[in-house]
$ cat start.cif   # mmCIF, C-alpha atoms and all ligand atoms
data_query
#
loop_
_atom_site.label_atom_id
_atom_site.label_comp_id
_atom_site.auth_asym_id
_atom_site.auth_seq_id
_atom_site.Cartn_x
_atom_site.Cartn_y
_atom_site.Cartn_z
CA MET A 8 158.36 70.06 112.45
CA GLY A 9 156.66 73.43 113.14
CA TYR A 10 156.26 76.55 110.99
CA LEU A 11 154.89 80.06 111.41
CA ILE A 12 152.67 81.38 108.64
CA GLY A 13 152.90 85.09 109.42
CA LYS A 14 149.85 87.33 109.44
CA GLY A 15 149.65 89.45 106.29
CA GLU A 16 152.36 87.40 104.57
CA ASP A 17 150.27 84.35 103.89
CA ALA A 18 148.43 85.00 100.60
CA ALA A 19 150.81 82.88 98.50
CA PHE A 20 150.73 80.04 101.05
CA TRP A 21 146.91 79.79 101.00
CA ALA A 22 146.77 80.19 97.21
CA LYS A 23 149.16 77.26 96.80
CA LEU A 24 147.15 75.10 99.21
CA ARG A 25 143.90 75.99 97.42
CA GLN A 26 145.33 74.80 94.11
CA ASP A 27 145.41 71.25 95.43
CA TYR A 28 142.93 71.14 98.32
CA ASP A 29 139.42 72.27 99.20
CA ILE A 30 139.68 73.86 102.65
CA TYR A 31 136.75 73.61 105.08
CA ALA A 32 136.71 75.24 108.49
CA PRO A 33 134.41 77.02 110.97
CA LYS A 34 133.37 80.38 109.52
CA ARG A 35 131.28 83.27 110.86
CA PHE A 36 127.95 84.09 109.19
CA PRO A 37 127.01 87.54 110.53
CA LYS A 38 123.37 88.15 111.55
CA GLN A 39 122.36 84.58 110.74
CA GLY A 40 122.04 83.40 114.35
CA ARG A 41 118.70 82.36 115.79
CA PHE A 42 118.23 85.59 117.77
CA SER A 43 118.23 89.06 116.22
CA ASP A 44 121.68 90.56 115.64
CA THR A 45 123.47 87.31 116.46
CA ASP A 46 125.90 85.43 114.27
CA ILE A 47 126.25 81.77 113.57
CA ILE A 48 129.51 79.86 113.21
CA ARG A 49 129.34 76.84 110.99
CA TYR A 50 131.47 74.91 108.54
CA ASP A 51 132.02 76.21 105.04
CA ARG A 52 134.68 76.38 102.39
CA VAL A 53 137.30 79.03 103.17
CA GLU A 54 139.92 80.77 101.07
CA SER A 55 142.43 81.53 103.83
CA GLY A 56 143.13 81.44 107.55
CA ALA A 57 141.65 84.93 107.95
CA GLU A 58 138.14 83.49 107.49
CA ILE A 59 138.55 80.74 110.09
CA VAL A 60 137.04 81.27 113.55
CA PHE A 61 139.60 80.01 116.06
CA ASP A 62 138.48 81.66 119.28
CA GLU A 63 134.88 80.43 119.51
CA LYS A 64 133.33 76.98 119.36
CA SER A 65 131.35 76.49 116.16
CA ASP A 66 127.59 76.21 116.64
CA TYR A 67 127.48 73.28 114.25
CA PRO A 68 130.01 70.45 113.97
CA ALA A 69 132.41 69.30 111.28
CA LYS A 70 130.03 66.47 110.39
CA GLU A 71 128.23 68.98 108.12
CA VAL A 72 131.15 68.56 105.70
CA LEU A 73 131.32 64.77 105.97
CA THR A 74 127.55 64.23 105.90
CA PRO A 75 125.95 67.27 104.30
CA ILE A 76 122.47 68.19 105.55
CA CYS A 77 121.10 67.57 102.07
CA GLN A 78 122.79 65.66 99.25
CA ALA A 79 121.65 63.96 96.04
CA ILE A 80 122.53 60.27 96.29
CA LEU A 81 121.09 58.98 93.02
CA TYR A 82 119.29 60.05 89.86
CA PHE A 83 116.51 57.99 88.28
CA THR A 84 114.50 57.77 85.09
CA GLU A 85 111.72 55.34 84.13
CA ASP A 86 113.89 52.21 84.03
CA GLU A 87 117.35 53.02 85.35
CA TYR A 88 119.24 54.92 88.01
CA ARG A 89 122.81 55.92 88.76
CA ALA A 90 124.62 57.10 91.87
CA SER A 91 125.51 60.78 92.13
CA LYS A 92 129.09 61.72 91.30
CA ALA A 93 131.51 63.25 93.76
CA SER A 94 134.53 65.50 93.58
CA GLN A 95 137.91 63.76 93.85
CA ARG A 96 139.69 66.78 95.29
CA PRO A 97 141.28 66.26 98.70
CA ILE A 98 139.91 68.25 101.63
CA LEU A 99 141.77 69.89 104.49
CA LEU A 100 139.19 69.79 107.28
CA PHE A 101 139.90 72.00 110.32
CA MET A 102 138.49 70.24 113.39
CA ARG A 103 138.63 70.41 117.18
CA PRO A 104 139.66 67.22 119.04
CA CYS A 105 136.00 66.42 119.84
CA ASP A 106 135.05 66.68 116.16
CA ILE A 107 137.89 64.35 115.18
CA HIS A 108 136.70 61.78 117.72
CA ALA A 109 133.13 62.30 116.49
CA MET A 110 134.25 61.47 112.96
CA GLN A 111 135.79 58.24 114.23
CA HIS A 112 132.54 57.39 116.06
CA GLN A 113 130.49 58.07 112.93
CA GLU A 114 132.82 55.87 110.88
CA LYS A 115 131.70 52.89 112.95
CA ILE A 116 128.12 53.52 111.88
CA TYR A 117 128.72 54.45 108.25
CA LEU A 118 131.59 52.10 107.42
CA GLU A 119 131.42 49.12 109.80
CA ASN A 120 127.81 48.63 110.82
CA GLY A 121 126.44 45.43 109.28
CA GLY A 122 129.62 44.91 107.28
CA VAL A 123 128.56 47.23 104.44
CA ALA A 124 130.31 50.58 103.91
CA ASP A 125 128.12 53.53 102.99
CA LEU A 126 129.30 54.68 99.55
CA TYR A 127 128.52 58.36 100.11
CA TYR A 128 130.27 58.57 103.45
CA ARG A 129 133.27 56.54 102.30
CA ARG A 130 133.99 58.64 99.24
CA MET A 131 133.82 61.83 101.28
CA ARG A 132 135.91 60.42 104.15
CA GLU A 133 138.63 59.30 101.72
CA ARG A 134 139.12 62.92 100.66
CA VAL A 135 139.62 64.26 104.19
CA HIS A 136 143.00 65.19 105.70
CA ILE A 137 142.66 66.15 109.35
CA VAL A 138 143.77 69.59 110.52
CA LEU A 139 143.66 69.65 114.31
CA MET A 140 142.56 73.03 115.73
CA GLU A 141 144.13 73.39 119.12
CA CYS A 142 141.70 73.81 122.03
CA SER A 143 143.59 74.90 125.08
CA GLU A 144 140.73 75.88 127.41
CA GLY A 145 137.39 74.69 126.06
CA TRP A 146 134.04 76.39 126.68
CA ASP A 147 131.46 76.33 129.45
CA THR A 148 129.36 73.42 128.12
CA CYS A 149 132.28 71.20 127.05
CA PHE A 150 132.94 67.92 128.88
CA CYS A 151 135.42 66.31 126.48
CA VAL A 152 137.78 65.27 129.29
CA SER A 153 135.05 63.12 130.89
CA MET A 154 134.34 61.50 127.53
CA GLY A 155 138.04 60.90 126.75
CA THR A 156 137.93 63.01 123.57
CA ASN A 157 140.20 65.89 124.57
CA ARG A 158 143.39 64.52 123.00
CA VAL A 159 144.24 63.54 119.41
CA GLU A 160 147.54 62.11 118.21
CA ASP A 161 146.73 61.28 114.60
CA TYR A 162 146.50 64.29 112.26
CA ALA A 163 147.98 65.67 109.05
CA LEU A 164 148.40 69.22 110.38
CA ALA A 165 147.82 70.87 113.75
CA VAL A 166 147.29 74.61 114.05
CA ARG A 167 147.33 77.31 116.73
CA GLN A 168 146.33 80.95 116.23
CA THR A 169 148.78 83.51 117.67
CA GLU A 170 149.25 87.30 117.44
CA GLN A 171 151.99 86.78 114.85
CA GLY A 172 150.04 84.38 112.67
CA LEU A 173 149.30 80.65 112.53
CA LEU A 174 151.62 78.01 113.95
CA PHE A 175 151.48 74.65 112.20
CA ASP A 176 152.77 71.23 113.18
CA VAL A 177 153.16 69.26 109.94
CA ARG A 178 152.88 65.48 110.20
CA GLU A 179 151.85 64.42 106.70
CA ASP A 180 154.81 64.30 104.29
CA ALA A 181 152.79 65.41 101.25
CA LEU A 182 151.94 68.67 103.02
CA LYS A 183 155.55 69.59 103.91
CA THR A 184 156.18 71.03 100.46
CA TYR A 185 153.62 73.82 101.06
CA PHE A 186 155.66 75.02 104.06
CA ALA A 187 159.02 75.14 102.26
CA GLY A 188 160.70 78.50 102.87
CA GLN A 189 158.42 79.42 105.81
CA PRO A 190 160.09 80.29 109.13
CA ALA A 191 160.53 77.27 111.41
CA ALA A 192 158.84 77.45 114.80
CA ASP A 193 158.63 75.28 117.86
CA PHE A 194 155.03 74.11 118.11
CA GLN A 195 153.25 71.10 119.52
CA PRO A 196 149.52 71.36 120.24
CA VAL A 197 148.36 71.30 123.85
CA PHE A 198 145.07 69.82 124.94
CA VAL A 199 142.33 70.69 127.40
CA GLU A 200 142.98 68.70 130.60
CA LYS A 201 140.06 69.97 132.71
CA ASN A 202 136.57 71.22 131.88
CA SER A 203 134.30 73.25 134.12
CA VAL A 204 131.72 70.47 133.63
CA SER A 205 132.45 66.82 134.31
CA VAL A 206 130.22 63.76 134.08
CA THR A 207 130.31 60.11 135.03
CA VAL A 208 128.40 57.85 132.68
CA PRO A 209 126.50 55.29 134.79
CA GLU A 210 127.17 51.59 134.23
CA ILE A 211 123.94 49.74 133.47
CA ALA A 212 124.89 46.35 134.81
CA ASP A 213 122.36 44.06 133.10
CA LYS A 214 119.24 43.87 130.97
CA GLU A 215 116.95 43.74 133.99
CA LEU A 216 118.27 47.10 135.19
CA LEU A 217 118.03 48.50 131.66
CA LEU A 218 114.36 47.53 131.39
CA LYS A 219 113.60 49.10 134.78
CA LEU A 220 115.45 52.27 133.77
CA LYS A 221 113.32 52.54 130.65
CA GLU A 222 110.21 52.61 132.85
CA HIS A 223 111.61 55.07 135.41
CA PRO A 224 109.28 58.07 135.92
CA PHE A 225 112.06 60.68 135.56
CA TRP A 226 111.79 60.46 131.75
CA GLN A 227 108.25 61.86 131.95
CA GLN A 228 109.54 65.37 132.76
CA PHE A 229 110.50 65.70 129.10
CA ASN A 230 106.85 65.52 128.03
CA GLY A 231 105.82 69.15 127.96
CA ARG A 232 109.39 70.39 128.23
CA CYS A 233 111.07 69.00 125.13
CA GLU A 234 109.54 70.47 121.97
CA SER A 235 110.75 67.57 119.79
CA CYS A 236 112.37 70.13 117.50
CA GLY A 237 115.49 68.04 116.84
CA ALA A 238 117.85 71.01 117.22
CA CYS A 239 120.02 69.04 119.66
CA THR A 240 120.63 66.23 117.19
CA ILE A 241 121.22 68.47 114.18
CA ALA A 242 123.96 70.22 116.18
CA CYS A 243 125.28 66.94 117.59
CA SER A 244 128.77 65.99 116.43
CA THR A 245 127.93 62.29 116.26
CA CYS A 246 124.23 61.90 115.38
CA THR A 247 123.65 60.14 112.05
CA CYS A 248 119.86 59.93 111.54
CA PHE A 249 118.70 60.78 108.04
CA THR A 250 115.71 60.28 105.81
CA THR A 251 115.37 60.22 102.02
CA ARG A 252 113.23 62.39 99.76
CA ASP A 253 112.51 61.97 96.07
CA VAL A 254 112.43 65.17 94.05
CA ILE A 255 110.59 64.87 90.74
CA TYR A 256 111.77 66.90 87.77
CA GLY A 257 109.02 68.53 85.71
CA ASP A 258 105.89 66.68 84.61
CA ASN A 259 107.21 63.12 84.53
CA PRO A 260 106.99 61.57 88.02
CA ALA A 261 109.43 58.81 87.03
CA VAL A 262 112.35 61.20 86.49
CA GLY A 263 114.13 62.85 89.36
CA GLU A 264 116.67 62.52 92.12
CA ARG A 265 116.77 60.94 95.56
CA ARG A 266 118.19 63.08 98.34
CA ARG A 267 119.57 62.09 101.68
CA VAL A 268 118.38 64.67 104.22
CA THR A 269 119.49 64.95 107.84
CA SER A 270 116.72 64.04 110.26
CA SER A 271 116.33 63.38 113.97
CA CYS A 272 115.17 60.66 116.35
CA GLN A 273 113.76 63.49 118.46
CA VAL A 274 111.21 64.54 115.86
CA SER A 275 107.69 63.14 116.09
CA GLY A 276 107.03 60.64 113.31
CA PHE A 277 110.69 59.83 112.56
CA ASP A 278 110.17 56.17 113.46
CA ASP A 279 106.72 55.77 111.89
CA MET A 280 106.38 52.58 109.87
CA ALA A 281 103.93 51.17 107.40
CA GLY A 282 100.88 49.73 109.13
CA GLY A 283 100.56 52.68 111.49
CA ILE A 284 103.36 51.49 113.78
CA SER A 285 105.24 54.06 115.81
CA PHE A 286 107.85 53.02 118.36
CA ARG A 287 108.28 56.23 120.31
CA LYS A 288 105.09 58.19 120.64
CA ASP A 289 106.04 61.03 122.98
CA ALA A 290 108.96 63.34 123.78
CA ALA A 291 109.84 61.36 126.93
CA SER A 292 110.33 58.10 125.03
CA ARG A 293 112.33 59.89 122.31
CA MET A 294 114.62 61.50 124.91
CA ARG A 295 115.06 58.12 126.62
CA TYR A 296 115.98 56.58 123.29
CA LYS A 297 118.55 59.31 122.54
CA MET A 298 120.19 59.18 125.96
CA LEU A 299 120.43 55.40 126.04
CA HIS A 300 121.74 55.31 122.48
CA LYS A 301 124.43 57.86 123.30
CA PHE A 302 125.41 56.55 126.71
CA ARG A 303 124.76 52.80 126.57
CA ASP A 304 123.66 51.15 123.31
CA TYR A 305 126.36 52.43 120.93
CA LYS A 306 129.13 51.26 123.26
CA ALA A 307 127.35 47.93 123.79
CA ARG A 308 127.37 47.41 120.01
CA PHE A 309 130.79 48.77 119.06
CA GLY A 310 132.62 48.10 122.26
CA ASP A 311 134.95 51.03 122.84
CA HIS A 312 133.49 54.52 123.33
CA HIS A 313 130.15 56.09 124.10
CA MET A 314 128.53 57.94 121.22
CA CYS A 315 128.92 61.34 122.87
CA VAL A 316 132.15 63.32 122.56
CA GLY A 317 131.23 65.98 125.13
CA CYS A 318 131.12 68.91 122.72
CA GLY A 319 128.12 70.44 124.52
CA ARG A 320 126.54 71.69 121.29
CA CYS A 321 123.19 70.02 122.06
CA THR A 322 123.00 71.95 125.34
CA ASP A 323 123.95 75.18 123.56
CA ARG A 324 121.27 74.77 120.87
CA CYS A 325 118.29 73.55 122.89
CA PRO A 326 115.54 76.23 122.96
CA GLN A 327 114.25 74.73 126.22
CA PHE A 328 117.66 74.81 127.92
CA ILE A 329 117.70 71.04 128.32
CA SER A 330 121.26 70.18 129.26
CA VAL A 331 122.70 66.83 128.24
CA THR A 332 124.95 66.75 131.31
CA ALA A 333 122.05 67.49 133.70
CA THR A 334 119.98 64.79 131.96
CA LEU A 335 122.87 62.36 132.31
CA GLU A 336 123.12 63.17 136.01
CA LYS A 337 119.41 62.41 136.40
CA MET A 338 119.88 59.15 134.53
CA ALA A 339 122.81 58.26 136.81
CA ALA A 340 120.66 59.00 139.88
CA ALA A 341 117.89 56.74 138.53
CA VAL A 342 120.41 53.95 137.89
CA ALA A 343 121.79 54.32 141.45
CA GLU A 344 118.28 54.27 142.91
CA LEU A 345 117.27 51.17 140.95
CA SER A 346 120.54 49.40 141.73
CA SER A 347 120.25 49.94 145.48
CA ALA A 348 116.56 48.93 145.46
CA SER A 349 117.44 45.58 143.90
CA LYS A 350 120.07 44.72 146.55
S1 LIG B 401 125.13 64.41 122.69
FE1 LIG B 401 125.53 66.62 122.92
S2 LIG B 401 127.55 66.74 123.95
FE2 LIG B 401 127.33 64.64 123.12
S3 LIG B 401 128.32 64.69 121.08
FE3 LIG B 401 126.11 65.11 120.77
S4 LIG B 401 125.95 67.39 120.83
FE4 LIG B 401 127.95 66.84 121.69
S1 LIG B 402 116.04 68.38 123.81
FE1 LIG B 402 115.80 70.56 123.21
S2 LIG B 402 116.77 70.70 121.20
FE2 LIG B 402 116.40 68.51 121.58
S3 LIG B 402 114.39 68.08 120.65
FE3 LIG B 402 114.00 68.62 122.82
S4 LIG B 402 113.62 70.85 122.82
FE4 LIG B 402 114.57 70.36 120.83
#
$ encode --input "start.cif" --output "structure tokens" --more "lines below"
Ligand code: SF4
Ligand code: SF4
Amino acid sequence: MGYLIGKGEDAAFWAKLRQDYDIYAPKRFPKQGRFSDTDIIRYDRVESGAEIVFDEKSDYPAKEVLTPICQAILYFTEDEYRASKASQRPILLFMRPCDIHAMQHQEKIYLENGGVADLYYRRMRERVHIVLMECSEGWDTCFCVSMGTNRVEDYALAVRQTEQGLLFDVREDALKTYFAGQPAADFQPVFVEKNSVSVTVPEIADKELLLKLKEHPFWQQFNGRCESCGACTIACSTCTCFTTRDVIYGDNPAVGERRRVTSSCQVSGFDDMAGGISFRKDAASRMRYKMLHKFRDYKARFGDHHMCVGCGRCTDRCPQFISVTATLEKMAAAVAELSSASK
């Protein structure tokens, strides 16, 4: 069933929703972009539809709500600790199709990996009701169609921005009450069916080919080009790397809190271990790790999708203009070269 929430006549509607839900959506932060006089669009709590950016792709993904960049996970004193507490309020999370798929990919890591569910992710995920933001055209770095993430069937609400206001498709029964008395409208979301960029993820047939690919010289171009800044992974819809930091309160070093802080496999030192061990010592090996994790290893472990949803945010954010699709093409060429050489 569809409804129109008319522009300028929606204050009571949003007020009623806010009574029962926290609403998170992409929002514009003027003059906070990385270049002078540029804005940034990222997720934040919103009061109404007027604050939501519908006509541009957000610079940062919806994962910033599900896995905040910095969160206290436990508090400790000399001889005891307790987990941090969380709000119980449900969340309406406005997401593009790629972000919804990304959430499902992250769930595999946070909830299924090793058979132990991550408490902090689970309690946040249980609060979330999906609001699908319709994407009808996509943007120049998107390749969601190639990655099979352009369509979504399972959502609580779907929304489209129009001149007259917001059109909603309401699927979740509990939300229907908020639309009572609003004018009915015919609305079903449409999906992007073609991007300007398309990719084919190469099949890496066996371990022998994988080992040869790891040694292929094309990875070396990223030494000297990639700055190891991690911007690509922070903006990535699916990346999950984090580290922990202890923050000590006052003079007593045994009293404080432990924080989970987003980190990146692309940053030098991320994989350092006790004993002076480091697995990936240069930018080339870190890029190789990221690409193979996204486009081979995740699928090998979880069996259904690759770990990339084709949002293109990594390409948009890279200060060195390193494009994930161009890198994937180079990887595919290396795989083809190695495959034909072994015949
Ligand atoms: S690797 Fe790049 S295109 Fe793929 S999900 Fe991450 S940010 Fe998006
Ligand atoms: S690929 Fe780009 S964004 Fe990612 S770490 Fe290298 S320079 Fe930074």
$ closest_residue --input "start.cif" --among "A:Leu24, A:Leu139, A:Ile211, A:Leu345" --to "A:Asn157" --atoms "all atoms listed in the file"
A:Leu139
$ closest_residue --input "start.cif" --among "A:Val262, A:Cys233, A:Met294, A:Val268" --to "ligand LIG 402 (chain B)" --atoms "only C-alpha atoms and all ligand atoms"
A:Cys233
$ closest_atom_pairs --input "start.cif" --of "stretch 13-60 of chain A" --to "stretch 86-96 of chain A" --cutoff "10 Å" --atoms "all atoms listed in the file" --output "JSON lines"
{"residue": "A:Gln26", "atom": "CA", "partner": "A:Arg96", "partner_atom": "CA", "distance": 9.9}
{"residue": "A:Asp27", "atom": "CA", "partner": "A:Arg96", "partner_atom": "CA", "distance": 7.3}
{"residue": "A:Tyr28", "atom": "CA", "partner": "A:Arg96", "partner_atom": "CA", "distance": 6.2}
{"residue": "A:Asp29", "atom": "CA", "partner": "A:Arg96", "partner_atom": "CA", "distance": 6.7}
$ residues_around --input "start.cif" --residues "A:Gly15" --least-positions-apart "4" --cutoff "12 Å" --atoms "only C-alpha atoms" --output "list in words"
Leu11, Ala19, Phe20, Trp21, Ser55, Gly56, Ala57, Glu170, Gln171, Gly172 and Leu173 of chain A
$ residues_near_ligand --input "start.cif" --ligand "ligand LIG 402 (chain B)" --cutoff "8 Å" --atoms "only C-alpha atoms and all ligand atoms" --output "mmCIF file with C-alpha atoms, keeping the file's coordinate frame"
data_model
loop_
_atom_site.group_PDB
_atom_site.id
_atom_site.type_symbol
_atom_site.label_atom_id
_atom_site.label_comp_id
_atom_site.auth_asym_id
_atom_site.auth_seq_id
_atom_site.Cartn_x
_atom_site.Cartn_y
_atom_site.Cartn_z
ATOM 1 C CA PHE A 229 110.500 65.700 129.100
ATOM 2 C CA ARG A 232 109.390 70.390 128.230
ATOM 3 C CA CYS A 233 111.070 69.000 125.130
ATOM 4 C CA GLU A 234 109.540 70.470 121.970
ATOM 5 C CA SER A 235 110.750 67.570 119.790
ATOM 6 C CA CYS A 236 112.370 70.130 117.500
ATOM 7 C CA GLY A 237 115.490 68.040 116.840
ATOM 8 C CA ALA A 238 117.850 71.010 117.220
ATOM 9 C CA CYS A 239 120.020 69.040 119.660
ATOM 10 C CA THR A 240 120.630 66.230 117.190
ATOM 11 C CA GLN A 273 113.760 63.490 118.460
ATOM 12 C CA VAL A 274 111.210 64.540 115.860
ATOM 13 C CA ALA A 290 108.960 63.340 123.780
ATOM 14 C CA MET A 294 114.620 61.500 124.910
ATOM 15 C CA CYS A 321 123.190 70.020 122.060
ATOM 16 C CA THR A 322 123.000 71.950 125.340
ATOM 17 C CA ARG A 324 121.270 74.770 120.870
ATOM 18 C CA CYS A 325 118.290 73.550 122.890
ATOM 19 C CA PRO A 326 115.540 76.230 122.960
ATOM 20 C CA GLN A 327 114.250 74.730 126.220
ATOM 21 C CA PHE A 328 117.660 74.810 127.920
ATOM 22 C CA ILE A 329 117.700 71.040 128.320
ATOM 23 C CA SER A 330 121.260 70.180 129.260
#
$ closest_residue --input "start.cif" --among "A:Arg266, A:Arg252, A:Lys221, A:His312" --to "ligand LIG 401 (chain B)" --atoms "all atoms listed in the file"
A:His312
$ atom_distance --input "start.cif" --atom1 "atom CA of A:Glu200" --atom2 "atom CA of A:Val316"
14.5 Å
$ atom_distance --input "start.cif" --atom1 "atom CA of A:Ile241" --atom2 "atom CA of A:Pro209"
25.0 Å
$ closest_atom_pairs --input "start.cif" --of "chain A" --to "ligand LIG 401 (chain B)" --cutoff "6 Å" --atoms "only C-alpha atoms and all ligand atoms" --output "CSV"
residue,atom,partner,partner_atom,distance
A:Ala242,CA,B:LIG401,S4,5.8
A:Cys243,CA,B:LIG401,S4,3.3
A:Ser244,CA,B:LIG401,S3,4.8
A:Thr245,CA,B:LIG401,S3,5.4
A:Cys315,CA,B:LIG401,FE2,3.7
A:Val316,CA,B:LIG401,S3,4.3
A:Gly317,CA,B:LIG401,S2,3.9
A:Cys318,CA,B:LIG401,FE4,3.9
A:Gly319,CA,B:LIG401,S2,3.8
A:Arg320,CA,B:LIG401,S4,4.4
A:Cys321,CA,B:LIG401,S4,4.0
$ residues_near_point --input "start.cif" --point "(128.3, 77.9, 110.0)" --cutoff "12 Å" --atoms "all atoms listed in the file" --output "PyMOL selection string"
chain A and resi 31-40+46-53+58-60+63-72+242
$ atom_distance --input "start.cif" --atom1 "atom CA of A:Thr250" --atom2 "atom CA of A:Leu81"
13.9 Å
$ residues_around --input "start.cif" --residues "A:Arg134" --least-positions-apart "3" --cutoff "6 Å" --atoms "only C-alpha atoms" --output "PyMOL selection string"
chain A and resi 97-98+131
$ closest_residue --input "start.cif" --among "A:Glu144, A:Asp289, A:Glu179, A:Glu344" --to "A:Leu220" --atoms "all atoms listed in the file"
A:Glu344
$ closest_residue --input "start.cif" --among "A:Val208, A:Val254, A:Ala281, A:Ile107" --to "A:Ala340" --atoms "all atoms listed in the file"
A:Val208
